[in-house]
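Q: This is the content of work.txt (compact mmCIF, C-alpha atoms):
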# COMPACT_ATOMS: atom_id res chain seq x y z
CA MET S 1 90.53 79.83 73.73
CA PRO S 2 91.00 81.79 70.48
CA ALA S 3 91.58 80.15 67.15
CA VAL S 4 95.35 79.78 66.94
CA ASP S 5 97.21 78.25 64.03
CA LYS S 6 100.21 76.01 64.55
CA PRO S 7 103.68 76.72 63.11
CA ARG S 8 104.05 75.37 59.60
CA ALA S 9 107.14 74.02 57.88
CA LYS S 10 106.67 76.67 55.22
CA ARG S 11 104.70 79.86 55.62
CA ARG S 12 102.95 81.62 52.80
CA SER S 13 103.76 85.29 52.49
CA MET S 14 101.07 87.84 53.22
CA PRO S 15 100.70 91.46 52.12
CA GLU S 16 102.51 94.09 54.16
CA VAL S 17 100.32 96.19 56.44
CA SER S 18 101.04 99.54 58.02
CA ASP S 19 98.74 99.38 61.04
CA ILE S 20 100.39 98.03 64.19
CA HIS S 21 98.56 98.33 67.50
CA MET S 22 100.38 98.03 70.82
CA LEU S 23 98.66 95.83 73.40
CA ASN S 24 99.51 96.93 76.94
CA PHE S 25 100.13 94.52 79.79
CA ALA S 26 101.33 95.13 83.33
CA THR S 27 104.99 94.40 82.54
CA ARG S 28 105.35 95.08 78.79
CA LYS S 29 103.81 96.13 75.52
CA VAL S 30 103.26 93.64 72.71
CA PRO S 31 102.66 94.62 69.06
CA LEU S 32 99.54 93.38 67.30
CA VAL S 33 100.30 93.04 63.59
CA PHE S 34 97.29 92.77 61.29
CA LYS S 35 97.54 90.70 58.12
CA GLN S 36 94.89 89.89 55.55
CA ASN S 37 94.45 86.33 54.30
CA LYS S 38 91.69 85.70 51.77
CA ARG S 39 91.75 81.98 52.53
CA ALA S 40 91.15 82.39 56.26
CA GLN S 41 87.69 81.36 57.44
CA ARG S 42 87.88 83.19 60.76
CA ILE S 43 90.09 85.58 62.71
CA ILE S 44 93.22 83.81 63.95
CA LEU S 45 95.81 84.81 66.55
CA ARG S 46 99.37 83.61 66.02
CA LEU S 47 102.48 84.03 68.13
CA ASP S 48 105.33 85.46 66.07
CA HIS S 49 108.41 84.36 68.02
CA GLY S 50 110.80 85.96 65.55
CA ASN S 51 109.41 89.46 66.08
CA SER S 52 107.96 88.99 69.59
CA SER S 53 104.52 90.05 68.40
CA ILE S 54 100.98 88.77 67.98
CA ILE S 55 99.81 88.28 64.39
CA VAL S 56 96.10 88.88 63.86
CA VAL S 57 95.06 87.11 60.65
CA LEU S 58 92.00 88.75 59.11
CA PRO S 59 89.69 86.93 56.67
CA LYS S 60 88.32 88.69 53.60
CA ARG S 61 86.03 91.65 54.39
CA THR S 62 87.12 91.70 58.04
CA SER S 63 88.27 95.06 59.36
CA ARG S 64 91.22 95.74 61.62
CA ASP S 65 88.82 97.10 64.23
CA GLU S 66 87.14 93.69 64.32
CA GLY S 67 90.53 92.04 64.61
CA LYS S 68 91.51 94.38 67.41
CA ARG S 69 88.30 93.63 69.32
CA PHE S 70 88.94 89.90 68.88
CA ALA S 71 92.46 90.24 70.26
CA LEU S 72 91.25 92.31 73.22
CA SER S 73 88.55 89.74 73.98
CA ASN S 74 91.33 87.13 74.17
CA LYS S 75 93.78 89.28 76.12
CA ASP S 76 93.83 86.78 78.99
CA TRP S 77 94.95 84.02 76.60
CA ILE S 78 97.66 86.26 75.15
CA GLU S 79 98.91 87.16 78.63
CA GLN S 80 99.16 83.46 79.49
CA HIS S 81 101.49 82.99 76.51
CA LEU S 82 103.64 86.12 76.98
CA ASP S 83 106.51 84.03 78.32
CA GLN S 84 106.80 82.50 74.84
CA LEU S 85 107.34 85.97 73.36
CA HIS S 86 110.75 86.70 74.78
CA GLU S 87 111.93 90.25 75.32
CA PRO S 88 114.24 91.29 72.46
CA VAL S 89 117.97 91.60 73.16
CA PRO S 90 119.46 94.10 70.70
CA PHE S 91 123.13 93.90 69.72
CA LEU S 92 124.06 96.94 71.78
CA HIS S 93 126.79 97.90 74.25
CA ASN S 94 126.68 95.92 77.52
CA ASN S 95 123.97 93.53 76.37
CA ILE S 96 124.72 89.85 76.89
CA ILE S 97 124.19 87.23 74.18
CA PRO S 98 125.15 83.53 74.11
CA ILE S 99 127.79 82.24 71.71
CA LEU S 100 127.43 78.46 71.46
CA GLY S 101 125.58 78.63 74.74
CA THR S 102 128.20 80.66 76.62
CA PRO S 103 127.20 84.22 77.67
CA HIS S 104 129.24 87.00 76.02
CA ARG S 105 129.01 90.71 76.72
CA ILE S 106 128.98 93.20 73.84
CA SER S 107 131.58 95.90 74.47
CA HIS S 108 131.69 98.99 72.26
CA LYS S 109 135.22 100.33 71.74
CA PRO S 110 134.73 103.54 69.75
CA ASN S 111 138.43 104.42 69.58
CA ALA S 112 139.76 100.93 68.90
CA ARG S 113 141.12 99.76 65.57
CA GLY S 114 139.56 96.89 63.69
CA VAL S 115 135.89 95.89 63.41
CA VAL S 116 134.76 93.04 65.71
CA TRP S 117 136.80 90.57 67.72
CA CYS S 118 136.12 88.25 70.64
CA GLU S 119 138.25 87.59 73.70
CA SER S 120 137.59 86.65 77.33
CA GLU S 121 133.88 86.16 76.62
CA GLU S 122 133.50 89.71 75.36
CA ILE S 123 132.57 90.78 71.84
CA HIS S 124 134.50 93.97 71.15
CA VAL S 125 133.12 96.31 68.50
CA ALA S 126 135.09 99.23 67.09
CA GLY S 127 133.73 102.29 65.28
CA HIS S 128 130.71 104.52 65.67
CA GLU S 129 127.87 103.55 67.97
CA GLU S 130 125.29 103.45 65.18
CA HIS S 131 127.26 100.64 63.48
CA VAL S 132 127.48 98.35 66.51
CA SER S 133 124.33 96.30 65.88
CA ARG S 134 125.06 95.66 62.20
CA ARG S 135 128.70 94.81 62.83
CA VAL S 136 127.84 92.34 65.58
CA GLN S 137 125.26 90.63 63.39
CA ASP S 138 127.64 90.42 60.45
CA TRP S 139 130.31 88.93 62.69
CA LEU S 140 127.87 86.40 64.16
CA LYS S 141 126.84 85.22 60.70
CA VAL S 142 130.47 84.68 59.75
CA GLU S 143 131.07 82.75 62.97
CA ALA S 144 127.95 80.66 62.40
CA LYS S 145 129.05 79.79 58.88
CA ARG S 146 132.53 78.80 60.06
CA GLU S 147 131.25 76.61 62.90
CA ILE S 148 128.50 74.98 60.84
CA GLU S 149 130.64 74.25 57.79
CA ALA S 150 133.41 72.63 59.81
CA ARG S 151 130.98 70.28 61.56
CA ALA S 152 128.88 69.54 58.47
CA TYR S 153 131.80 68.57 56.22
CA ALA S 154 133.27 66.38 58.96
CA LYS S 155 129.98 64.54 59.47
CA ALA S 156 129.41 64.17 55.74
CA GLU S 157 132.76 62.44 55.48
CA VAL S 158 131.73 60.03 58.24
CA VAL S 159 128.53 59.03 56.40
CA GLY S 160 130.35 58.79 53.07
CA LYS S 161 128.46 61.58 51.32
CA LYS S 162 129.44 64.87 49.73
CA ILE S 163 127.86 68.24 50.36
CA LYS S 164 127.24 70.27 47.24
CA LYS S 165 126.61 73.59 48.97
CA ILE S 166 125.97 75.09 52.41
CA THR S 167 123.85 78.23 52.79
CA ILE S 168 123.39 80.26 55.97
CA ARG S 169 120.01 81.99 56.28
CA ASP S 170 117.74 83.77 58.76
CA THR S 171 114.80 81.37 58.74
CA LYS S 172 111.78 81.38 61.04
CA SER S 173 110.26 78.00 60.33
CA ARG S 174 113.17 75.54 60.48
CA TRP S 175 116.73 75.32 61.77
CA GLY S 176 118.07 73.41 58.79
CA SER S 177 117.17 71.74 55.52
CA CYS S 178 118.63 69.34 52.97
CA THR S 179 117.80 68.86 49.30
CA SER S 180 118.12 65.68 47.25
CA GLU S 181 120.94 67.44 45.36
CA GLY S 182 123.04 67.63 48.53
CA GLU S 183 122.49 71.30 49.31
CA LEU S 184 122.24 72.13 53.00
CA ALA S 185 120.87 75.28 54.60
CA PHE S 186 121.01 76.37 58.24
CA SER S 187 119.82 79.25 60.38
CA TRP S 188 122.65 81.51 61.48
CA ARG S 189 120.86 81.78 64.84
CA LEU S 190 122.23 78.35 65.74
CA ILE S 191 125.34 80.27 66.82
CA PHE S 192 123.40 81.14 70.01
CA ALA S 193 122.55 77.52 70.85
CA PRO S 194 124.76 75.23 72.97
CA LYS S 195 127.33 73.25 71.00
CA HIS S 196 125.49 69.94 71.31
CA VAL S 197 122.31 71.54 69.93
CA MET S 198 124.06 72.98 66.89
CA ASP S 199 125.76 69.62 66.43
CA TYR S 200 122.41 67.82 66.43
CA VAL S 201 120.83 70.12 63.82
CA ILE S 202 123.84 69.63 61.56
CA ALA S 203 123.78 65.85 62.10
CA HIS S 204 120.07 65.82 61.28
CA GLU S 205 120.58 67.45 57.89
CA VAL S 206 123.74 65.51 57.06
CA ALA S 207 121.88 62.26 57.82
CA HIS S 208 119.38 63.28 55.14
CA LEU S 209 122.17 63.03 52.57
CA ARG S 210 121.76 59.25 52.95
CA GLU S 211 118.19 58.98 54.20
CA MET S 212 115.72 61.52 52.76
CA ASN S 213 113.06 60.55 55.29
CA HIS S 214 112.47 60.28 59.02
CA GLY S 215 112.32 56.51 59.22
CA PRO S 216 114.17 54.19 61.65
CA LYS S 217 117.32 54.11 59.48
CA PHE S 218 117.46 57.89 59.47
CA TRP S 219 117.23 58.22 63.25
CA LYS S 220 119.75 55.43 63.76
CA LEU S 221 122.23 57.22 61.49
CA CYS S 222 121.53 60.57 63.12
CA GLY S 223 122.21 59.10 66.55
CA GLU S 224 125.48 57.60 65.32
CA ILE S 225 126.86 60.99 64.26
CA CYS S 226 125.36 62.93 67.18
CA ARG S 227 125.89 61.47 70.64
CA ASN S 228 123.55 63.90 72.41
CA MET S 229 120.68 63.75 69.94
CA ASP S 230 117.86 63.20 72.45
CA SER S 231 118.93 65.93 74.88
CA ALA S 232 119.48 68.36 71.98
CA ARG S 233 115.99 67.69 70.62
CA ARG S 234 114.51 68.34 74.07
CA TRP S 235 116.49 71.57 74.36
CA LEU S 236 115.19 72.84 71.02
CA GLU S 237 111.60 72.01 71.94
CA THR S 238 111.92 73.92 75.20
CA HIS S 239 114.27 76.78 74.33
CA GLY S 240 114.36 76.98 70.53
CA THR S 241 112.14 80.05 70.20
CA ASP S 242 114.44 81.92 72.59
CA LEU S 243 117.08 82.09 69.86
CA TYR S 244 114.91 84.53 67.91
CA ARG S 245 115.11 87.24 70.56
CA TYR S 246 118.74 88.18 69.92
CA GLY S 247 119.32 91.14 67.64
CA ARG S 248 115.69 92.32 67.81
CA PHE S 249 114.76 95.79 68.97
Please re-express this file's structure in structure tokens.
A:
Amino acid sequence: MPAVDKPRAKRRSMPEVSDIHMLNFATRKVPLVFKQNKRAQRIILRLDHGNSSIIVVLPKRTSRDEGKRFALSNKDWIEQHLDQLHEPVPFLHNNIIPILGTPHRISHKPNARGVVWCESEEIHVAGHEEHVSRRVQDWLKVEAKREIEARAYAKAEVVGKKIKKITIRDTKSRWGSCTSEGELAFSWRLIFAPKHVMDYVIAHEVAHLREMNHGPKFWKLCGEICRNMDSARRWLETHGTDLYRYGRF
């Protein structure tokens, strides 16, 4: 088994690289992205769920050719984990994406007036074809913010705390966060998750407004404001990485 690092709560940024090698398998191609890390002691393979690629971390004075040979020597291991690198689902005409867990079809309406609207489990997008992806993503972020804010403020009122600010981001390492100042942040990709999963993530962060820890009191409070906490946690563990596939090309 190759050396593989585990997901961290916070990832350090690495220099951009221009060399991307495609690794061919029977059913698909997977990008190998090479990144230098002076602190690395050995070559490391990492699954990048957000971009459906394999990151090859290269220590100092290690060439990309060496990294490529290392990846090829562990091709069997990569193939065993391909199911974790979901095929991207771009925001394009006729593609299906979940909204709060319910499948919706993207329907391009080039001659329609307006921008984006949803009805009968279809996301209608007006305008030129080249604007469809961006308009769908912008609309999804607005919907995510609306859904998250409504639930977060309601739960904060239940626990007797005030939220200072809510920020919607595109994070890869966590679904939500809470600061001691009462500022909450959430991934807009929660809009794809079932309602009870989004509800749990929001409850988790709101509970931190009273308990800035993961002790027994925290989990008791979290369970009080989220009835399906356990099932939601299991869903995230099993399907969470799937939420990164939507909108990728």
Q: Determine, counting only C-alpha atoms, which protein, DNA and RNA residues have an atom within 10 Å of an atom of range 229-236 of chain S; residues of the same chain fewer than 3 positions away are not included. Present the result as a list of chain:residue names.
A: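 The residues satisfying every condition are S:Trp175, S:Ala193, S:Pro194, S:Lys195, S:His196, S:Val197, S:Met198, S:Asp199, S:Tyr200, S:Val201, S:Ala203, S:His204, S:Trp219, S:Cys222, S:Gly223, S:Glu224, S:Ile225, S:Cys226, S:His239, S:Gly240, S:Thr241, S:Asp242, S:Leu243.
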Q: So, with only C-alpha atoms as the atoms that count, which of S:Val158, S:Ile163, S:Ser63, S:Phe192 lies closest to Leu221 in chain S?
A: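 That would be S:Val158, the residue with the smallest distance to Leu221 in chain S.
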Q: Can you sort out the box for range 91-97 of chain S, edges along x, y and z, all listed atoms in, 3 Å on every side, with centre and edge lengths in Å to one decimal, as AutoDock Vina command-line options?
A:
--center_x 125.0 --center_y 92.6 --center_z 73.6 --size_x 9.7 --size_y 16.7 --size_z 13.8
Q: I'd like to know which of S:Phe25, S:Arg42, S:Lys165, S:Ile20 is closest to Asp76 in chain S, using only C-alpha atoms.
A: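 Among the listed residues, the smallest separation from Asp76 in chain S belongs to S:Phe25.
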Q: Which is closest to Lys145 in chain S among S:Thr167, S:Ser180, S:Thr238, S:Asn213, if we use all atoms listed in the file?
A: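 The closest residue to Lys145 in chain S is S:Thr167.
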Q: Could you give me, as a ChimeraX atom specification, the residues within 7 Å of Ala126 in chain S, counting all atoms listed in the file and dropping anything in the same chain fewer than 3 positions from it?
A: /S:108-116
Q: Near Asp65 in chain S, counting all atoms listed in the file, which residues have an atom at most 12 Å away, once you skip same-chain residues fewer than 6 positions from it, shown as a PyMOL selection string?
A: chain S and resi 19-21+32+34+43+56+58+71-72
Q: Quick one: residues within 10 Å of Pro88 in chain S, all atoms listed in the file counted, chain neighbours fewer than 5 positions away excluded, as a list in words?
A: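 Neighbouring residues, sequence-local ones excluded: Gly50, Asn51, Ser52, Asp242, Leu243, Tyr244, Arg245, Tyr246, Gly247, Arg248 and Phe249 of chain S.
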Q: Please report the interatomic distance between CA of Ser177 in chain S and CA of Arg46 in chain S in Å with one decimal.
A: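 Straight-line distance from CA of Ser177 in chain S to CA of Arg46 in chain S works out to 23.8 Å.
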